[in-house]
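J.: Supplied in structure tokens, the structure appears directly below.
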Amino acid sequence: MSQPYGASLSSTSKWLNIFQYCRFLRILGHVMVLLVLALVGLIYTAIVPLTFGPMLLSKNVFVVLGSAIVIMVFTAVTAMCIWSYLATVALDPGRVPPDWHPFTDDQHARAELERLSYSSHYFDRRDPRRPRFCKRCQAWKPERAHHCSVTGRCVLKMDHWCIWVVNCVGLLNYKAFLLFIFYAMLGCMLGLLLLLKSMIDFFNNKLRGPSAPLIFVVSIFCFAFALSLAGFLAMHGQLIAANCTTIEMYEKDRLHPWPYNKGFRRNFEEVFGRNKLRWLLPMYGKDEKRQLLETCLGKGPAPGAGRPQAVGQWGGATALPLLSHPATPFLSNSV
Ligand SMILES: [Zn+2]
């Protein structure tokens with residue numbers, strides 16, 4: 001058996017590895033969770049107890065009815081926002097099973113690792129489906145998986161590590177993350193609309209009392225968040241349309257055409273599932289979750305249709321661009 005890949009990393013370079021300090025972000029992240037929940041609570045307080053709650057005591061039946069509808073709708077959006085947020089924080093984004101490898105058997109995996117150590121061949125680095133080995137985990141990683149420096153492990157279909165959710169966003173919590181962004185944006189837009197009259201009253205000196213400054217501040221928050229979240233959601237909409245993660249989007253040299261792009265409908269279903277009833281819920285059915293994992297780990301067909309080839313299973317002769325250049329050194333140690 002060869003020396004473990006990357007074992008030659010010197011102690012000096014370990015000290016220079018700035019990513020080890022990323023773990024401190026987790027501590028900061030816990031403060032962010034409280035901050036997010038406090039912001040949601042602040043916006044809800046300004047709209048429901050301070051603005052529309054008192055209207056329920058009105059003698060005008062239409063005002064009472066209208067206020068009740070507003071409160072119900074806004075409470076539902078807030079509840080969905082909090083559910084999606086907590087799901088993103090709590091869900092495991094996708095773990096690589098122990099001893100996983102993309103080859104037909106363990107012997108083949110060992111042989112490939114040996115070949116990798118001796119730099120006797122290389123793969124087309126633009127192809128994300130190539131067999132990849134994580135130096136830090138000392139293990140093979142599935143296609144689209146990346147090593148998260150904050151959580152210290154490889155994450156399936158990793159998108160990014162997000163300080164707002166103190167978690168890595170990946171295969172199994174990307175949907176919850178997008179729904180959190182969506183409901184937060186919807187809540188902020190709705191909040192801005194509902195506080196519009198109060199804002200006009202504020203600038204005309206008609207809104208008085210201790211709640212006036214809070215309503216003003218919340219309106220500014222709603223405006224700023226609605227705008228930034230809309231931009232963020234639009235960016236992720238483009239990524240979903242192309243079936244691309246944020247990390248993949250920033251890769252300098254990408255394969256064209258992108259092998260995971262199956263058309264908008266199937267790309268969308270790969271994130272939100274095939275069950276329309278669950279599209280707006282931050283959860284997957286058992287079958288959907290199993291299918292997602294199988295797609296990533298290469299043990300089954302992609303949602304919506306069969307894969308053209310067993311991408312995750314490398315059995316020697318393969319349809320993927322395996323380049324054998326005995327005289328050419330391995331291009332990089334980051335496979
Ligand atoms: Zn790793």
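Lettering and numbering for the structure tokens are positional, with chains as A, B, ... in the shown order, residues counted from 1 in each chain, and ligands counted from 1 in the shown order.
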Pick out the residues no farther than 9 Å from ligand 1, counting only C-alpha atoms and all ligand atoms, and list them as a tab-separated table (two decimals) with N, CA and C atoms, in the first residue's frame.

T.:
```tsv
chain	number	residue	atom	x	y	z
A	96	VAL	N	-20.49	12.00	3.07
A	96	VAL	CA	-19.96	10.91	2.23
A	96	VAL	C	-19.87	9.65	3.12
A	133	PHE	N	-10.09	12.47	-5.11
A	133	PHE	CA	-9.64	12.01	-3.80
A	133	PHE	C	-9.41	13.24	-2.91
A	134	CYS	N	-9.97	13.21	-1.69
A	134	CYS	CA	-9.80	14.35	-0.78
A	134	CYS	C	-8.58	14.12	0.09
A	135	LYS	N	-7.63	15.03	-0.02
A	135	LYS	CA	-6.38	14.89	0.76
A	135	LYS	C	-6.64	15.04	2.24
A	136	ARG	N	-7.58	15.93	2.58
A	136	ARG	CA	-7.80	16.19	4.01
A	136	ARG	C	-8.56	15.05	4.68
A	137	CYS	N	-9.55	14.50	3.99
A	137	CYS	CA	-10.31	13.38	4.57
A	137	CYS	C	-9.58	12.06	4.32
A	138	GLN	N	-8.60	12.08	3.41
A	138	GLN	CA	-7.91	10.85	3.01
A	138	GLN	C	-8.92	9.82	2.53
A	139	ALA	N	-9.80	10.28	1.66
A	139	ALA	CA	-10.85	9.38	1.16
A	139	ALA	C	-11.31	9.85	-0.21
A	140	TRP	N	-11.86	8.91	-0.98
A	140	TRP	CA	-12.43	9.28	-2.28
A	140	TRP	C	-13.69	10.09	-2.02
A	141	LYS	N	-13.95	11.03	-2.89
A	141	LYS	CA	-15.19	11.81	-2.73
A	141	LYS	C	-16.01	11.74	-4.02
A	145	ALA	N	-18.96	16.63	-4.84
A	145	ALA	CA	-18.70	16.82	-3.41
A	145	ALA	C	-17.46	17.70	-3.27
A	146	HIS	N	-17.44	18.49	-2.21
A	146	HIS	CA	-16.28	19.34	-1.94
A	146	HIS	C	-15.96	19.29	-0.46
A	147	HIS	N	-14.71	19.54	-0.14
A	147	HIS	CA	-14.31	19.55	1.26
A	147	HIS	C	-14.69	20.90	1.86
A	148	CYS	N	-15.42	20.87	2.97
A	148	CYS	CA	-15.79	22.10	3.67
A	148	CYS	C	-14.77	22.33	4.78
A	149	SER	N	-14.06	23.44	4.69
A	149	SER	CA	-13.00	23.72	5.67
A	149	SER	C	-13.56	24.06	7.04
A	152	GLY	N	-14.97	20.64	8.30
A	152	GLY	CA	-13.86	19.69	8.31
A	152	GLY	C	-14.17	18.36	7.67
A	153	ARG	N	-15.08	18.34	6.71
A	153	ARG	CA	-15.38	17.09	6.01
A	153	ARG	C	-15.91	17.38	4.61
A	154	CYS	N	-15.99	16.34	3.81
A	154	CYS	CA	-16.51	16.51	2.45
A	154	CYS	C	-18.04	16.54	2.52
A	155	VAL	N	-18.63	17.41	1.71
A	155	VAL	CA	-20.09	17.58	1.70
A	155	VAL	C	-20.61	17.31	0.30
```

J.: If you run DSSP over the backbone, which residues in segment 122-262 of chain A end up strand (DSSP E)? Put them as a list in words.

T.: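 Across segment 122-262 of chain A, those assigned strand (DSSP E) are Tyr122, Phe123, Arg132, Phe133, Cys134, Ala139, Trp140, Lys141, His146, His147, Cys148, Arg153, Cys154, Val155, His160, Trp161, Cys162, Asn167, Cys168 and Val169 of chain A.
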
J.: Considering only C-alpha atoms, state which residue in the set A:Gly273, A:Gly29, A:Pro131, A:Pro210 is at the smallest distance from Trp161 of chain A.

T.: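 Once distances to Trp161 of chain A are computed over only C-alpha atoms, the minimum belongs to A:Gly29.
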
J.: If we count only C-alpha atoms and set the cut-off at 6 Å, which residues sit around segment 236-252 of chain A, ignoring sequence neighbours fewer than 4 positions away in its own chain? Please answer as a list of chain:residue names.

T.: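 In the requested format, the answer is A:Asp159, A:Tyr260, A:Asn261, A:Phe264, A:Asn267.
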
J.: Can I get the residues of segment 149-221 of chain A within 9 Å of segment 61-82 of chain A, each with the closest pair of atoms and their distance in Å to one decimal, using only C-alpha atoms, sorted chain first then ascending number, as JSON lines?

T.:
```
{"residue": "A:Leu179", "atom": "CA", "partner": "A:Cys81", "partner_atom": "CA", "distance": 7.4}
{"residue": "A:Phe180", "atom": "CA", "partner": "A:Cys81", "partner_atom": "CA", "distance": 5.2}
{"residue": "A:Ile181", "atom": "CA", "partner": "A:Cys81", "partner_atom": "CA", "distance": 7.9}
{"residue": "A:Phe182", "atom": "CA", "partner": "A:Cys81", "partner_atom": "CA", "distance": 8.0}
{"residue": "A:Tyr183", "atom": "CA", "partner": "A:Cys81", "partner_atom": "CA", "distance": 4.9}
{"residue": "A:Ala184", "atom": "CA", "partner": "A:Cys81", "partner_atom": "CA", "distance": 5.8}
{"residue": "A:Leu186", "atom": "CA", "partner": "A:Val77", "partner_atom": "CA", "distance": 7.5}
{"residue": "A:Gly187", "atom": "CA", "partner": "A:Val77", "partner_atom": "CA", "distance": 6.1}
{"residue": "A:Leu190", "atom": "CA", "partner": "A:Phe74", "partner_atom": "CA", "distance": 7.7}
{"residue": "A:Gly191", "atom": "CA", "partner": "A:Phe74", "partner_atom": "CA", "distance": 8.1}
{"residue": "A:Leu194", "atom": "CA", "partner": "A:Val70", "partner_atom": "CA", "distance": 8.5}
```

J.: Would you export the selected residues with all heavy atoms as a PDB file, in the first residue's frame, please?

T.:
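Output file again.pdb follows:
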```pdb
ATOM      1  N   LEU A 179     -35.751  27.990   0.196  1.00  0.00           N
ATOM      2  CA  LEU A 179     -37.081  28.347   0.699  1.00  0.00           C
ATOM      3  C   LEU A 179     -36.987  29.396   1.801  1.00  0.00           C
ATOM      4  O   LEU A 179     -37.844  30.278   1.896  1.00  0.00           O
ATOM      5  CB  LEU A 179     -37.810  27.090   1.207  1.00  0.00           C
ATOM      6  CG  LEU A 179     -38.341  26.166   0.100  1.00  0.00           C
ATOM      7  CD1 LEU A 179     -38.934  24.897   0.698  1.00  0.00           C
ATOM      8  CD2 LEU A 179     -39.385  26.875  -0.768  1.00  0.00           C
ATOM      9  N   PHE A 180     -35.935  29.303   2.603  1.00  0.00           N
ATOM     10  CA  PHE A 180     -35.716  30.339   3.627  1.00  0.00           C
ATOM     11  C   PHE A 180     -35.532  31.699   2.963  1.00  0.00           C
ATOM     12  O   PHE A 180     -36.148  32.700   3.349  1.00  0.00           O
ATOM     13  CB  PHE A 180     -34.506  29.972   4.492  1.00  0.00           C
ATOM     14  CG  PHE A 180     -33.942  31.130   5.267  1.00  0.00           C
ATOM     15  CD1 PHE A 180     -34.729  31.835   6.166  1.00  0.00           C
ATOM     16  CD2 PHE A 180     -32.616  31.531   5.078  1.00  0.00           C
ATOM     17  CE1 PHE A 180     -34.215  32.915   6.873  1.00  0.00           C
ATOM     18  CE2 PHE A 180     -32.096  32.610   5.778  1.00  0.00           C
ATOM     19  CZ  PHE A 180     -32.896  33.308   6.672  1.00  0.00           C
ATOM     20  N   ILE A 181     -34.698  31.739   1.932  1.00  0.00           N
ATOM     21  CA  ILE A 181     -34.463  32.999   1.200  1.00  0.00           C
ATOM     22  C   ILE A 181     -35.787  33.497   0.600  1.00  0.00           C
ATOM     23  O   ILE A 181     -36.123  34.680   0.671  1.00  0.00           O
ATOM     24  CB  ILE A 181     -33.425  32.789   0.062  1.00  0.00           C
ATOM     25  CG1 ILE A 181     -32.100  32.250   0.609  1.00  0.00           C
ATOM     26  CG2 ILE A 181     -33.196  34.065  -0.736  1.00  0.00           C
ATOM     27  CD1 ILE A 181     -31.364  33.192   1.487  1.00  0.00           C
ATOM     28  N   PHE A 182     -36.543  32.547   0.023  1.00  0.00           N
ATOM     29  CA  PHE A 182     -37.808  32.908  -0.641  1.00  0.00           C
ATOM     30  C   PHE A 182     -38.811  33.479   0.368  1.00  0.00           C
ATOM     31  O   PHE A 182     -39.375  34.551   0.156  1.00  0.00           O
ATOM     32  CB  PHE A 182     -38.382  31.664  -1.331  1.00  0.00           C
ATOM     33  CG  PHE A 182     -39.791  31.852  -1.834  1.00  0.00           C
ATOM     34  CD1 PHE A 182     -40.051  32.679  -2.929  1.00  0.00           C
ATOM     35  CD2 PHE A 182     -40.860  31.221  -1.215  1.00  0.00           C
ATOM     36  CE1 PHE A 182     -41.352  32.864  -3.379  1.00  0.00           C
ATOM     37  CE2 PHE A 182     -42.158  31.405  -1.653  1.00  0.00           C
ATOM     38  CZ  PHE A 182     -42.409  32.224  -2.748  1.00  0.00           C
ATOM     39  N   TYR A 183     -39.023  32.761   1.487  1.00  0.00           N
ATOM     40  CA  TYR A 183     -40.000  33.235   2.479  1.00  0.00           C
ATOM     41  C   TYR A 183     -39.524  34.526   3.166  1.00  0.00           C
ATOM     42  O   TYR A 183     -40.347  35.390   3.488  1.00  0.00           O
ATOM     43  CB  TYR A 183     -40.279  32.152   3.526  1.00  0.00           C
ATOM     44  CG  TYR A 183     -41.116  31.011   2.983  1.00  0.00           C
ATOM     45  CD1 TYR A 183     -40.632  29.715   2.980  1.00  0.00           C
ATOM     46  CD2 TYR A 183     -42.393  31.243   2.481  1.00  0.00           C
ATOM     47  CE1 TYR A 183     -41.395  28.662   2.485  1.00  0.00           C
ATOM     48  CE2 TYR A 183     -43.162  30.207   1.973  1.00  0.00           C
ATOM     49  CZ  TYR A 183     -42.659  28.922   1.979  1.00  0.00           C
ATOM     50  OH  TYR A 183     -43.413  27.895   1.480  1.00  0.00           O
ATOM     51  N   ALA A 184     -38.227  34.641   3.376  1.00  0.00           N
ATOM     52  CA  ALA A 184     -37.702  35.866   3.985  1.00  0.00           C
ATOM     53  C   ALA A 184     -37.942  37.054   3.053  1.00  0.00           C
ATOM     54  O   ALA A 184     -38.362  38.136   3.491  1.00  0.00           O
ATOM     55  CB  ALA A 184     -36.216  35.710   4.289  1.00  0.00           C
ATOM     56  N   LEU A 186     -40.248  37.221   0.669  1.00  0.00           N
ATOM     57  CA  LEU A 186     -41.700  37.432   0.616  1.00  0.00           C
ATOM     58  C   LEU A 186     -42.171  38.199   1.859  1.00  0.00           C
ATOM     59  O   LEU A 186     -42.951  39.157   1.744  1.00  0.00           O
ATOM     60  CB  LEU A 186     -42.395  36.062   0.555  1.00  0.00           C
ATOM     61  CG  LEU A 186     -43.861  36.030   0.164  1.00  0.00           C
ATOM     62  CD1 LEU A 186     -44.043  36.525  -1.264  1.00  0.00           C
ATOM     63  CD2 LEU A 186     -44.426  34.613   0.309  1.00  0.00           C
ATOM     64  N   GLY A 187     -41.681  37.809   3.025  1.00  0.00           N
ATOM     65  CA  GLY A 187     -42.048  38.471   4.275  1.00  0.00           C
ATOM     66  C   GLY A 187     -41.627  39.930   4.278  1.00  0.00           C
ATOM     67  O   GLY A 187     -42.388  40.805   4.703  1.00  0.00           O
ATOM     68  N   LEU A 190     -43.805  41.885   1.769  1.00  0.00           N
ATOM     69  CA  LEU A 190     -45.133  42.030   2.368  1.00  0.00           C
ATOM     70  C   LEU A 190     -45.082  43.054   3.508  1.00  0.00           C
ATOM     71  O   LEU A 190     -45.952  43.928   3.622  1.00  0.00           O
ATOM     72  CB  LEU A 190     -45.562  40.653   2.909  1.00  0.00           C
ATOM     73  CG  LEU A 190     -47.051  40.348   2.998  1.00  0.00           C
ATOM     74  CD1 LEU A 190     -47.727  40.516   1.646  1.00  0.00           C
ATOM     75  CD2 LEU A 190     -47.263  38.925   3.523  1.00  0.00           C
ATOM     76  N   GLY A 191     -44.043  42.961   4.321  1.00  0.00           N
ATOM     77  CA  GLY A 191     -43.869  43.881   5.448  1.00  0.00           C
ATOM     78  C   GLY A 191     -43.760  45.322   4.975  1.00  0.00           C
ATOM     79  O   GLY A 191     -44.371  46.229   5.543  1.00  0.00           O
ATOM     80  N   LEU A 194     -47.168  46.469   3.900  1.00  0.00           N
ATOM     81  CA  LEU A 194     -48.080  46.652   5.030  1.00  0.00           C
ATOM     82  C   LEU A 194     -47.717  47.866   5.885  1.00  0.00           C
ATOM     83  O   LEU A 194     -48.575  48.448   6.546  1.00  0.00           O
ATOM     84  CB  LEU A 194     -48.091  45.391   5.911  1.00  0.00           C
ATOM     85  CG  LEU A 194     -48.642  44.121   5.244  1.00  0.00           C
ATOM     86  CD1 LEU A 194     -48.430  42.909   6.135  1.00  0.00           C
ATOM     87  CD2 LEU A 194     -50.118  44.286   4.922  1.00  0.00           C
TER      88      LEU A 194
END
```

J.: Out of segment 73-240 of chain A, which residues get alpha helix (DSSP H) from DSSP, as number ranges by chain?

T.: A: 73-90, 106-117, 174-194, 196-203, 211-240

J.: Counting only C-alpha atoms, which residues of segment 19-122 of chain A sit at most 12 Å from some atom of segment 220-232 of chain A, and what is each one's closest atom pair with its distance in Å to one decimal, listed by chain and rising residue number, as CSV?

T.:
```
residue,atom,partner,partner_atom,distance
A:Val36,CA,A:Phe225,CA,11.7
A:Leu39,CA,A:Phe221,CA,8.8
A:Val40,CA,A:Cys222,CA,10.2
A:Leu42,CA,A:Phe221,CA,9.9
A:Ile43,CA,A:Cys222,CA,7.8
A:Tyr44,CA,A:Cys222,CA,11.0
A:Ala46,CA,A:Cys222,CA,11.1
A:Ile47,CA,A:Cys222,CA,11.1
```

J.: If you keep C-alpha atoms, can you produce a file of those selected residues as a PDB file, in the first residue's frame?

T.:
```pdb
ATOM      1  CA  VAL A  36     -31.692  36.167  12.378  1.00  0.00           C
ATOM      2  CA  LEU A  39     -34.709  40.207  13.148  1.00  0.00           C
ATOM      3  CA  VAL A  40     -37.670  38.009  12.229  1.00  0.00           C
ATOM      4  CA  LEU A  42     -38.645  42.432  15.282  1.00  0.00           C
ATOM      5  CA  ILE A  43     -40.337  42.590  11.870  1.00  0.00           C
ATOM      6  CA  TYR A  44     -43.226  40.427  13.099  1.00  0.00           C
ATOM      7  CA  ALA A  46     -43.803  45.825  14.165  1.00  0.00           C
ATOM      8  CA  ILE A  47     -46.422  44.437  11.797  1.00  0.00           C
TER       9      ILE A  47
END
```

J.: For Trp100 of chain A, which of A:Gly209, A:Leu192, A:Glu143, A:Ile163 is the closest residue, counting only C-alpha atoms?

T.: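 Residue with the minimum atom-to-atom distance to Trp100 of chain A: A:Glu143.
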
J.: For a test of reading the model, state the distance in Å between atom CA of Leu297 of chain A and atom CA of Met158 of chain A, rounded to one decimal.

T.: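 These two atoms are separated by 13.3 Å.
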
J.: For atom CA of Asn275 of chain A and atom CA of Arg290 of chain A, quote the distance in Å rounded to one decimal.

T.: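 Computing the Euclidean distance for atom CA of Asn275 of chain A and atom CA of Arg290 of chain A yields 14.0 Å.
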
J.: Counting only C-alpha atoms, which residue out of A:Arg144, A:Lys59, A:His108, A:Arg254 sits closest to Arg129 of chain A?

T.: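 Nearest to Arg129 of chain A: A:Arg144.
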
J.: Smallest atom-to-atom distance to Leu292 of chain A: which of A:Leu91, A:Leu156, A:Cys162, A:Cys188, using only C-alpha atoms?

T.: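 That would be A:Leu156, the residue with the smallest distance to Leu292 of chain A.
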
J.: What's the separation between atom CA of Glu112 of chain A and atom CA of Arg132 of chain A, in Å to one decimal place?

T.: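 Between atom CA of Glu112 of chain A and atom CA of Arg132 of chain A the gap is 10.4 Å.
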